[in-house]
Amino acid sequence: MLVAVVISGLVCYLLTSYLTAPVVKLRAATQRLAAGDLTARAGAAGLKNRRRDEIGGLVRDFDGMAERLETLVNEQNRLLNDISHELRSPLARLNVALGLARQRTGPDAISVLARIELESTRLEEMIDRLLTLSRWKLGRHCWTGRPCGWAS
């Protein structure tokens with residue numbers, strides 16, 4: 001009788017470990033993803049291919065979702081960086097044109113040119129902030145300020 005209890009206890013332990021191990025890994029990966037680590041994945045290659053049940057499917061779906069999310073965030077950051085850089089060229093030309101206009105116009109246009117310069121300065125500051133944000137994100141820092149693997 002004692003042998004049967006020990007064997008059934010051992011079988012129950014192994015079965016419980018088999019069923020809960022992927023859920024524990026999935027939970028840990030979910031917490032890392034929620035903390036900003038977009039490289040978080042729940043399943044190892046062997047686990048994804050080995051398990052054909054609902055838990056294996058859930059792990060595969062989570063990993064696919066996390067991979068797509070990482071790709072989208074990285075593409076968004078690259079787009080933000082590209083847009084910021086592209087806005088700098090016309091803004092630089094605008095500042096040159098503003099300087100030329102100041103040289104060629106009389107005192108009547110000074111207030112209008114000052115307003116244009118003010119708006120140009122505001123645009124420059126906004127672009128600087130966008131570039132700083134983009135570099136910060138691409139520099140592998142999540143919102144908590146610690147490395148989190150957003151960039152590839």
# chains A, B, ... in the order shown; residues from 1 in each chain; ligands from 1
$ select_by_dssp --residues "chain A" --states "alpha helix (DSSP H)" --output "number ranges by chain"
A: 2-34, 45-50, 54-104, 110-138
$ write_last_selection --atoms "C-alpha atoms" --output "tab-separated table (two decimals), in the first residue's frame"
chain	number	residue	atom	x	y	z
A	2	LEU	CA	2.82	2.40	0.92
A	3	VAL	CA	4.55	1.67	-2.40
A	4	ALA	CA	1.35	2.51	-4.29
A	5	VAL	CA	1.02	5.84	-2.45
A	6	VAL	CA	4.65	6.77	-3.13
A	7	ILE	CA	4.40	5.82	-6.80
A	8	SER	CA	1.11	7.68	-7.27
A	9	GLY	CA	2.58	10.70	-5.45
A	10	LEU	CA	5.61	10.64	-7.73
A	11	VAL	CA	3.42	10.34	-10.84
A	12	CYS	CA	1.25	13.24	-9.64
A	13	TYR	CA	4.34	15.37	-9.01
A	14	LEU	CA	5.77	14.67	-12.46
A	15	LEU	CA	2.41	15.33	-14.11
A	16	THR	CA	1.99	18.59	-12.21
A	17	SER	CA	5.51	19.69	-13.15
A	18	TYR	CA	4.87	18.84	-16.80
A	19	LEU	CA	1.64	20.85	-16.85
A	20	THR	CA	2.73	23.89	-14.84
A	21	ALA	CA	6.29	24.49	-16.11
A	22	PRO	CA	5.18	26.16	-19.38
A	23	VAL	CA	2.60	28.24	-17.51
A	24	VAL	CA	5.30	29.46	-15.11
A	25	LYS	CA	7.56	30.36	-18.06
A	26	LEU	CA	4.65	32.08	-19.81
A	27	ARG	CA	3.87	34.10	-16.69
A	28	ALA	CA	7.51	35.20	-16.32
A	29	ALA	CA	7.68	36.18	-20.00
A	30	THR	CA	4.41	38.11	-19.67
A	31	GLN	CA	5.78	40.05	-16.71
A	32	ARG	CA	8.99	40.87	-18.62
A	33	LEU	CA	6.97	42.00	-21.63
A	34	ALA	CA	4.76	44.18	-19.42
A	45	ALA	CA	12.56	25.96	-29.36
A	46	GLY	CA	12.26	22.45	-27.96
A	47	LEU	CA	9.18	23.27	-25.92
A	48	LYS	CA	7.34	24.83	-28.84
A	49	ASN	CA	7.93	21.82	-31.07
A	50	ARG	CA	7.47	19.18	-28.40
A	54	GLU	CA	-3.30	23.81	-25.69
A	55	ILE	CA	-0.50	25.03	-23.43
A	56	GLY	CA	2.05	24.59	-26.23
A	57	GLY	CA	-0.28	26.45	-28.57
A	58	LEU	CA	-0.63	29.25	-26.03
A	59	VAL	CA	3.15	29.54	-25.69
A	60	ARG	CA	3.56	29.63	-29.49
A	61	ASP	CA	0.83	32.28	-29.79
A	62	PHE	CA	2.41	34.39	-27.05
A	63	ASP	CA	5.83	34.21	-28.68
A	64	GLY	CA	4.34	35.18	-32.05
A	65	MET	CA	2.53	38.12	-30.46
A	66	ALA	CA	5.67	39.27	-28.63
A	67	GLU	CA	7.74	39.03	-31.81
A	68	ARG	CA	5.20	41.06	-33.79
A	69	LEU	CA	4.97	43.64	-31.02
A	70	GLU	CA	8.75	43.99	-30.92
A	71	THR	CA	8.86	44.44	-34.70
A	72	LEU	CA	6.13	47.08	-34.66
A	73	VAL	CA	7.72	49.08	-31.86
A	74	ASN	CA	11.13	48.97	-33.55
A	75	GLU	CA	9.59	50.08	-36.85
A	76	GLN	CA	7.75	52.89	-35.09
A	77	ASN	CA	10.98	54.07	-33.45
A	78	ARG	CA	12.85	53.97	-36.76
A	79	LEU	CA	10.03	55.91	-38.42
A	80	LEU	CA	10.11	58.52	-35.67
A	81	ASN	CA	13.86	58.85	-36.08
A	82	ASP	CA	13.62	59.10	-39.88
A	83	ILE	CA	10.84	61.71	-39.74
A	84	SER	CA	12.80	63.80	-37.26
A	85	HIS	CA	15.88	63.74	-39.47
A	86	GLU	CA	13.86	64.54	-42.58
A	87	LEU	CA	12.28	67.56	-40.89
A	88	ARG	CA	15.68	69.02	-40.07
A	89	SER	CA	16.60	69.73	-43.72
A	90	PRO	CA	13.64	71.95	-44.61
A	91	LEU	CA	13.90	73.65	-41.23
A	92	ALA	CA	17.57	74.46	-41.88
A	93	ARG	CA	16.63	75.88	-45.30
A	94	LEU	CA	13.88	77.93	-43.65
A	95	ASN	CA	16.38	79.38	-41.18
A	96	VAL	CA	18.75	80.31	-44.03
A	97	ALA	CA	15.86	81.95	-45.94
A	98	LEU	CA	14.89	83.78	-42.76
A	99	GLY	CA	18.43	85.16	-42.41
A	100	LEU	CA	18.42	86.29	-46.04
A	101	ALA	CA	15.00	87.89	-45.62
A	102	ARG	CA	16.25	89.83	-42.59
A	103	GLN	CA	19.13	91.20	-44.66
A	104	ARG	CA	16.94	92.21	-47.61
A	110	ILE	CA	10.98	92.76	-38.56
A	111	SER	CA	7.97	91.77	-36.42
A	112	VAL	CA	6.80	89.24	-39.00
A	113	LEU	CA	10.29	87.77	-39.35
A	114	ALA	CA	10.62	87.60	-35.56
A	115	ARG	CA	7.40	85.58	-35.43
A	116	ILE	CA	8.70	83.23	-38.14
A	117	GLU	CA	11.94	82.82	-36.21
A	118	LEU	CA	10.02	82.04	-33.01
A	119	GLU	CA	7.98	79.33	-34.75
A	120	SER	CA	11.12	77.97	-36.39
A	121	THR	CA	12.81	77.75	-32.99
A	122	ARG	CA	9.80	75.92	-31.57
A	123	LEU	CA	9.89	73.43	-34.44
A	124	GLU	CA	13.61	72.91	-33.90
A	125	GLU	CA	13.03	72.20	-30.20
A	126	MET	CA	10.23	69.76	-31.01
A	127	ILE	CA	12.42	67.93	-33.53
A	128	ASP	CA	15.25	67.79	-30.98
A	129	ARG	CA	12.87	66.21	-28.47
A	130	LEU	CA	11.70	63.67	-31.05
A	131	LEU	CA	15.26	62.77	-31.92
A	132	THR	CA	16.18	62.48	-28.26
A	133	LEU	CA	13.21	60.20	-27.62
A	134	SER	CA	14.01	58.11	-30.67
A	135	ARG	CA	17.68	57.76	-29.73
A	136	TRP	CA	16.71	56.92	-26.17
A	137	LYS	CA	14.39	54.15	-27.27
A	138	LEU	CA	16.75	52.82	-29.92
